[in-house]
$ cat start_5.txt   # compact mmCIF, C-alpha atoms
# COMPACT_ATOMS: atom_id res chain seq x y z
CA MET A 12 0.00 0.00 0.00
CA ASN A 13 1.50 3.34 -1.00
CA MET A 14 1.26 6.59 0.96
CA TYR A 15 -1.56 7.95 -1.22
CA SER A 16 -3.63 4.85 -0.48
CA VAL A 17 -3.04 5.25 3.26
CA TYR A 18 -4.15 8.89 3.22
CA ALA A 19 -7.16 8.16 0.97
CA CYS A 20 -8.24 5.37 3.31
CA ILE A 21 -7.82 7.60 6.36
CA HIS A 22 -9.84 10.38 4.68
CA TYR A 23 -12.82 8.11 4.13
CA ILE A 24 -12.64 6.56 7.60
CA PHE A 25 -12.70 10.03 9.16
CA PHE A 26 -15.80 11.19 7.36
CA PHE A 27 -17.88 8.02 6.93
CA PRO A 28 -19.43 7.83 10.42
CA PHE A 29 -20.42 11.49 10.60
CA SER A 30 -23.47 11.78 8.36
CA TYR A 31 -24.99 15.00 9.66
CA PRO A 32 -24.36 18.35 7.95
CA LEU A 33 -21.87 20.51 9.84
CA LEU A 34 -24.19 23.51 9.81
CA THR A 35 -26.86 21.75 11.87
CA PRO A 36 -26.58 21.19 15.63
CA PHE A 37 -24.88 17.95 16.63
CA PRO A 38 -27.79 15.53 17.19
CA PHE A 39 -26.48 13.45 20.08
CA ARG A 40 -26.91 14.60 23.67
CA THR A 41 -26.12 11.48 25.68
CA MET A 42 -22.97 9.46 26.22
CA VAL A 43 -23.23 5.98 24.71
CA GLY A 44 -20.31 3.74 23.82
CA THR A 45 -17.06 2.30 25.09
CA VAL A 46 -15.37 4.74 27.47
CA GLY A 47 -11.83 3.85 26.37
CA TYR A 48 -12.53 5.19 22.86
CA MET A 49 -14.43 8.34 23.86
CA ALA A 50 -13.10 11.84 23.32
CA PRO A 51 -12.40 13.99 26.40
CA GLU A 52 -15.17 16.48 25.56
CA LEU A 53 -17.67 13.64 25.33
CA LEU A 54 -16.55 12.28 28.71
CA ARG A 55 -16.90 15.75 30.28
CA GLY A 56 -20.30 16.38 28.73
CA ASP A 57 -18.99 19.39 26.77
CA ARG A 58 -20.19 20.53 23.36
CA MET A 59 -19.58 17.78 20.79
CA SER A 60 -18.62 17.88 17.13
CA GLU A 61 -17.40 15.56 14.39
CA LYS A 62 -14.01 15.66 16.14
CA ILE A 63 -15.18 12.99 18.60
CA ASP A 64 -14.94 10.55 15.68
CA VAL A 65 -11.40 11.72 14.93
CA TYR A 66 -10.39 10.97 18.53
CA GLY A 67 -12.08 7.55 18.38
CA PHE A 68 -10.25 6.83 15.13
CA ALA A 69 -6.92 7.48 16.88
CA MET A 70 -7.86 4.98 19.57
CA VAL A 71 -8.72 2.34 16.95
CA VAL A 72 -5.41 2.93 15.13
CA TRP A 73 -3.57 2.65 18.48
CA GLU A 74 -5.35 -0.65 19.18
CA MET A 75 -4.54 -2.01 15.72
CA LEU A 76 -0.85 -1.13 16.08
CA THR A 77 -0.44 -2.43 19.62
CA GLY A 78 -2.86 -5.34 19.69
CA GLU A 79 -4.15 -4.09 23.06
CA VAL A 80 -7.51 -2.76 24.20
CA PRO A 81 -7.23 0.91 25.24
CA PHE A 82 -7.16 1.37 29.03
CA ALA A 83 -7.95 -2.32 29.61
CA ASP A 84 -6.46 -2.17 33.13
CA LEU A 85 -8.62 0.79 34.26
CA SER A 86 -12.24 1.05 35.35
CA ALA A 87 -14.62 3.33 33.42
CA MET A 88 -14.36 6.02 36.12
CA GLN A 89 -10.56 5.84 36.04
CA VAL A 90 -10.57 6.26 32.25
CA ILE A 91 -12.87 9.29 32.52
CA TRP A 92 -10.58 10.92 35.09
CA THR A 93 -7.36 10.01 33.26
CA VAL A 94 -8.48 11.18 29.81
CA ALA A 95 -10.91 14.03 30.50
CA ALA A 96 -9.49 15.62 33.64
CA GLU A 97 -5.77 14.81 33.49
CA GLY A 98 -5.40 14.79 29.68
CA GLN A 99 -3.29 11.63 29.69
CA ARG A 100 -2.95 9.42 26.62
CA LEU A 101 -1.76 5.88 26.09
CA PRO A 102 1.92 5.25 25.43
CA ILE A 103 2.81 4.72 21.77
CA PRO A 104 5.44 1.97 21.43
CA ASP A 105 8.81 2.96 19.96
CA GLU A 106 8.42 0.49 17.08
CA VAL A 107 5.34 2.31 15.72
CA PRO A 108 6.33 4.07 12.46
CA GLU A 109 6.52 7.86 12.66
CA LEU A 110 3.68 8.28 10.14
CA PHE A 111 1.26 6.47 12.45
CA ARG A 112 2.69 8.01 15.62
CA SER A 113 2.13 11.48 14.20
CA LEU A 114 -1.36 10.59 12.99
CA ILE A 115 -2.40 9.26 16.40
CA GLU A 116 -0.96 12.26 18.24
CA ARG A 117 -2.75 14.73 15.93
CA CYS A 118 -6.04 12.86 16.24
CA TRP A 119 -6.16 12.54 20.03
CA GLN A 120 -5.36 16.13 20.98
CA GLN A 121 -7.16 17.34 24.12
CA ASP A 122 -8.50 20.40 22.27
CA PRO A 123 -10.78 19.15 19.47
CA ARG A 124 -9.94 22.18 17.32
CA GLN A 125 -6.35 20.95 17.13
CA ARG A 126 -7.26 17.48 15.87
CA CYS A 127 -6.76 16.67 12.22
CA GLY A 128 -9.72 16.19 9.91
CA GLY A 129 -12.75 18.40 9.53
CA GLY A 130 -13.77 20.99 6.99
CA LYS A 131 -10.70 20.94 4.74
CA GLY A 132 -11.24 17.30 3.83
CA ARG A 133 -14.90 17.91 3.04
CA GLU A 134 -14.07 20.94 0.89
CA LYS A 135 -11.40 19.03 -1.01
CA LYS A 136 -13.72 16.06 -1.59
CA GLY A 137 -16.45 18.38 -2.85
CA LYS A 138 -14.15 20.13 -5.34
CA GLU A 139 -12.77 16.86 -6.72
CA GLY A 140 -15.93 15.17 -7.37

$ encode --input "start_5.txt" --output "C-alpha cells"
Amino acid sequence: MNMYSVYACIHYIFFFPFSYPLLTPFPFRTMVGTVGYMAPELLRGDRMSEKIDVYGFAMVVWEMLTGEVPFADLSAMQVIWTVAAEGQRLPIPDEVPELFRSLIERCWQQDPRQRCGGGKGREKKGKEG
C-alpha cells in the first residue's frame, strides 16, 4: 500500500461515520459507547462535534498497532478521570512508524480544534468530485 492509499483510506474513515451536515446542531446529547474510545469532551459532557470521531479513530489505530484494548487495566471512572481531567494518553510503542505516531498524536489532541480532519477534507472532496 502506498502513501496515497493510506491517506485516501484515512480520509474516508474520518468522514464516513459522521453523516450530519456541519451547519446543523450535533444531534447526540447522551454518552453511549465504550469509554476507552471516547473523546475527552464527550466524557466531560462538553459541546460535541465531528471531532469525537477523529479521537475515536486514533484509539482504533492505536489498538490495531499495539494489539491491546485501550485502558484495559482501568475502570470506566478511572478512564474518565485520566483522559478528561488529566489529559493523559496511552503510550505509543517505539516500534510504531513515525507516520502512524504522528497521525495518532494529531487525532487525540485534548483540544478538538487541534485534531486533524474536519472541513478541509470535506471541501477538497467536494471540489474533486

$ residues_around --input "start_5.txt" --residues "segment 82-87 of chain A" --least-positions-apart "3" --cutoff "10 Å" --atoms "only C-alpha atoms" --output "ChimeraX atom specification"
/A:45-48,79,90-94,100-101

$ atom_distance --input "start_5.txt" --atom1 "atom CA of Trp119 of chain A" --atom2 "atom CA of Glu74 of chain A"
13.2 Å

$ atom_distance --input "start_5.txt" --atom1 "atom CA of Ile63 of chain A" --atom2 "atom CA of Val107 of chain A"
23.3 Å

$ residues_around --input "start_5.txt" --residues "Asp105 of chain A" --least-positions-apart "5" --cutoff "12 Å" --atoms "only C-alpha atoms" --output "JSON, numbers by chain"
{"A": [76, 77, 111, 112]}

$ atom_distance --input "start_5.txt" --atom1 "atom CA of Tyr66 of chain A" --atom2 "atom CA of Cys118 of chain A"
5.3 Å

$ closest_residue --input "start_5.txt" --among "A:Gln99, A:Glu106, A:Met49, A:Ser113" --to "Met70 of chain A" --atoms "only C-alpha atoms"
A:Met49

$ residues_near_point --input "start_5.txt" --point "(-9.5, 16.8, 14.0)" --cutoff "9 Å" --atoms "all atoms listed in the file" --output "ChimeraX atom specification"
/A:25,61-66,117-120,123-129

$ closest_residue --input "start_5.txt" --among "A:Gly44, A:Ala50, A:Leu114, A:Val71" --to "Ala96 of chain A" --atoms "only C-alpha atoms"
A:Ala50

$ closest_residue --input "start_5.txt" --among "A:Gly78, A:Pro51, A:Asp57, A:Trp73" --to "Gln121 of chain A" --atoms "all atoms listed in the file"
A:Pro51

$ axis_aligned_box --input "start_5.txt" --around "segment 81-84 of chain A" --padding-each-side "3 Å" --output "AutoDock Vina command-line options"
--center_x -7.2 --center_y -0.5 --center_z 29.2 --size_x 7.5 --size_y 9.7 --size_z 13.9

$ closest_residue --input "start_5.txt" --among "A:Asp122, A:Pro81, A:Ile115, A:Ile103" --to "Phe68 of chain A" --atoms "all atoms listed in the file"
A:Ile115

$ build_atoms --input "start_5.txt" --residues "segment 50-67 of chain A" --atoms "N, CA, C and O atoms" --output "short mmCIF file (atom, residue, chain, number, x, y, z; two decimals), in the frame of the given file"
data_model
loop_
_atom_site.label_atom_id
_atom_site.label_comp_id
_atom_site.auth_asym_id
_atom_site.auth_seq_id
_atom_site.Cartn_x
_atom_site.Cartn_y
_atom_site.Cartn_z
N ALA A 50 -13.85 10.58 23.27
CA ALA A 50 -13.10 11.84 23.32
C ALA A 50 -13.30 12.53 24.66
O ALA A 50 -14.36 12.39 25.29
N PRO A 51 -12.30 13.31 25.11
CA PRO A 51 -12.40 13.99 26.40
C PRO A 51 -13.64 14.87 26.53
O PRO A 51 -14.28 14.88 27.58
N GLU A 52 -14.01 15.59 25.47
CA GLU A 52 -15.17 16.48 25.56
C GLU A 52 -16.45 15.69 25.72
O GLU A 52 -17.39 16.14 26.37
N LEU A 53 -16.51 14.50 25.16
CA LEU A 53 -17.67 13.64 25.33
C LEU A 53 -17.74 13.14 26.77
O LEU A 53 -18.80 13.14 27.39
N LEU A 54 -16.60 12.76 27.32
CA LEU A 54 -16.55 12.28 28.71
C LEU A 54 -16.92 13.38 29.71
O LEU A 54 -17.49 13.10 30.75
N ARG A 55 -16.59 14.63 29.39
CA ARG A 55 -16.90 15.75 30.28
C ARG A 55 -18.32 16.28 30.09
O ARG A 55 -18.78 17.10 30.86
N GLY A 56 -18.97 15.86 29.02
CA GLY A 56 -20.30 16.38 28.73
C GLY A 56 -20.27 17.73 28.06
O GLY A 56 -21.26 18.46 28.05
N ASP A 57 -19.13 18.11 27.47
CA ASP A 57 -18.99 19.39 26.77
C ASP A 57 -19.67 19.32 25.40
O ASP A 57 -20.13 18.27 24.97
N ARG A 58 -19.64 20.45 24.72
CA ARG A 58 -20.19 20.53 23.36
C ARG A 58 -19.44 19.53 22.46
O ARG A 58 -18.22 19.45 22.49
N MET A 59 -20.18 18.80 21.65
CA MET A 59 -19.58 17.78 20.79
C MET A 59 -19.59 18.21 19.33
O MET A 59 -20.40 19.05 18.93
N SER A 60 -18.70 17.62 18.56
CA SER A 60 -18.62 17.88 17.13
C SER A 60 -18.16 16.61 16.44
O SER A 60 -17.98 15.57 17.08
N GLU A 61 -17.92 16.71 15.14
CA GLU A 61 -17.40 15.56 14.39
C GLU A 61 -16.02 15.13 14.89
O GLU A 61 -15.58 14.02 14.62
N LYS A 62 -15.36 15.97 15.65
CA LYS A 62 -14.01 15.66 16.14
C LYS A 62 -14.00 14.53 17.16
O LYS A 62 -12.96 13.97 17.44
N ILE A 63 -15.16 14.15 17.71
CA ILE A 63 -15.18 12.99 18.60
C ILE A 63 -14.86 11.72 17.80
O ILE A 63 -14.24 10.80 18.33
N ASP A 64 -15.26 11.69 16.53
CA ASP A 64 -14.94 10.55 15.68
C ASP A 64 -13.45 10.50 15.36
O ASP A 64 -12.87 9.42 15.23
N VAL A 65 -12.83 11.66 15.21
CA VAL A 65 -11.40 11.72 14.93
C VAL A 65 -10.62 11.14 16.12
O VAL A 65 -9.70 10.35 15.94
N TYR A 66 -11.02 11.51 17.33
CA TYR A 66 -10.39 10.97 18.53
C TYR A 66 -10.58 9.45 18.59
O TYR A 66 -9.64 8.70 18.82
N GLY A 67 -11.80 8.98 18.36
CA GLY A 67 -12.08 7.55 18.38
C GLY A 67 -11.26 6.81 17.33
O GLY A 67 -10.79 5.69 17.58
#
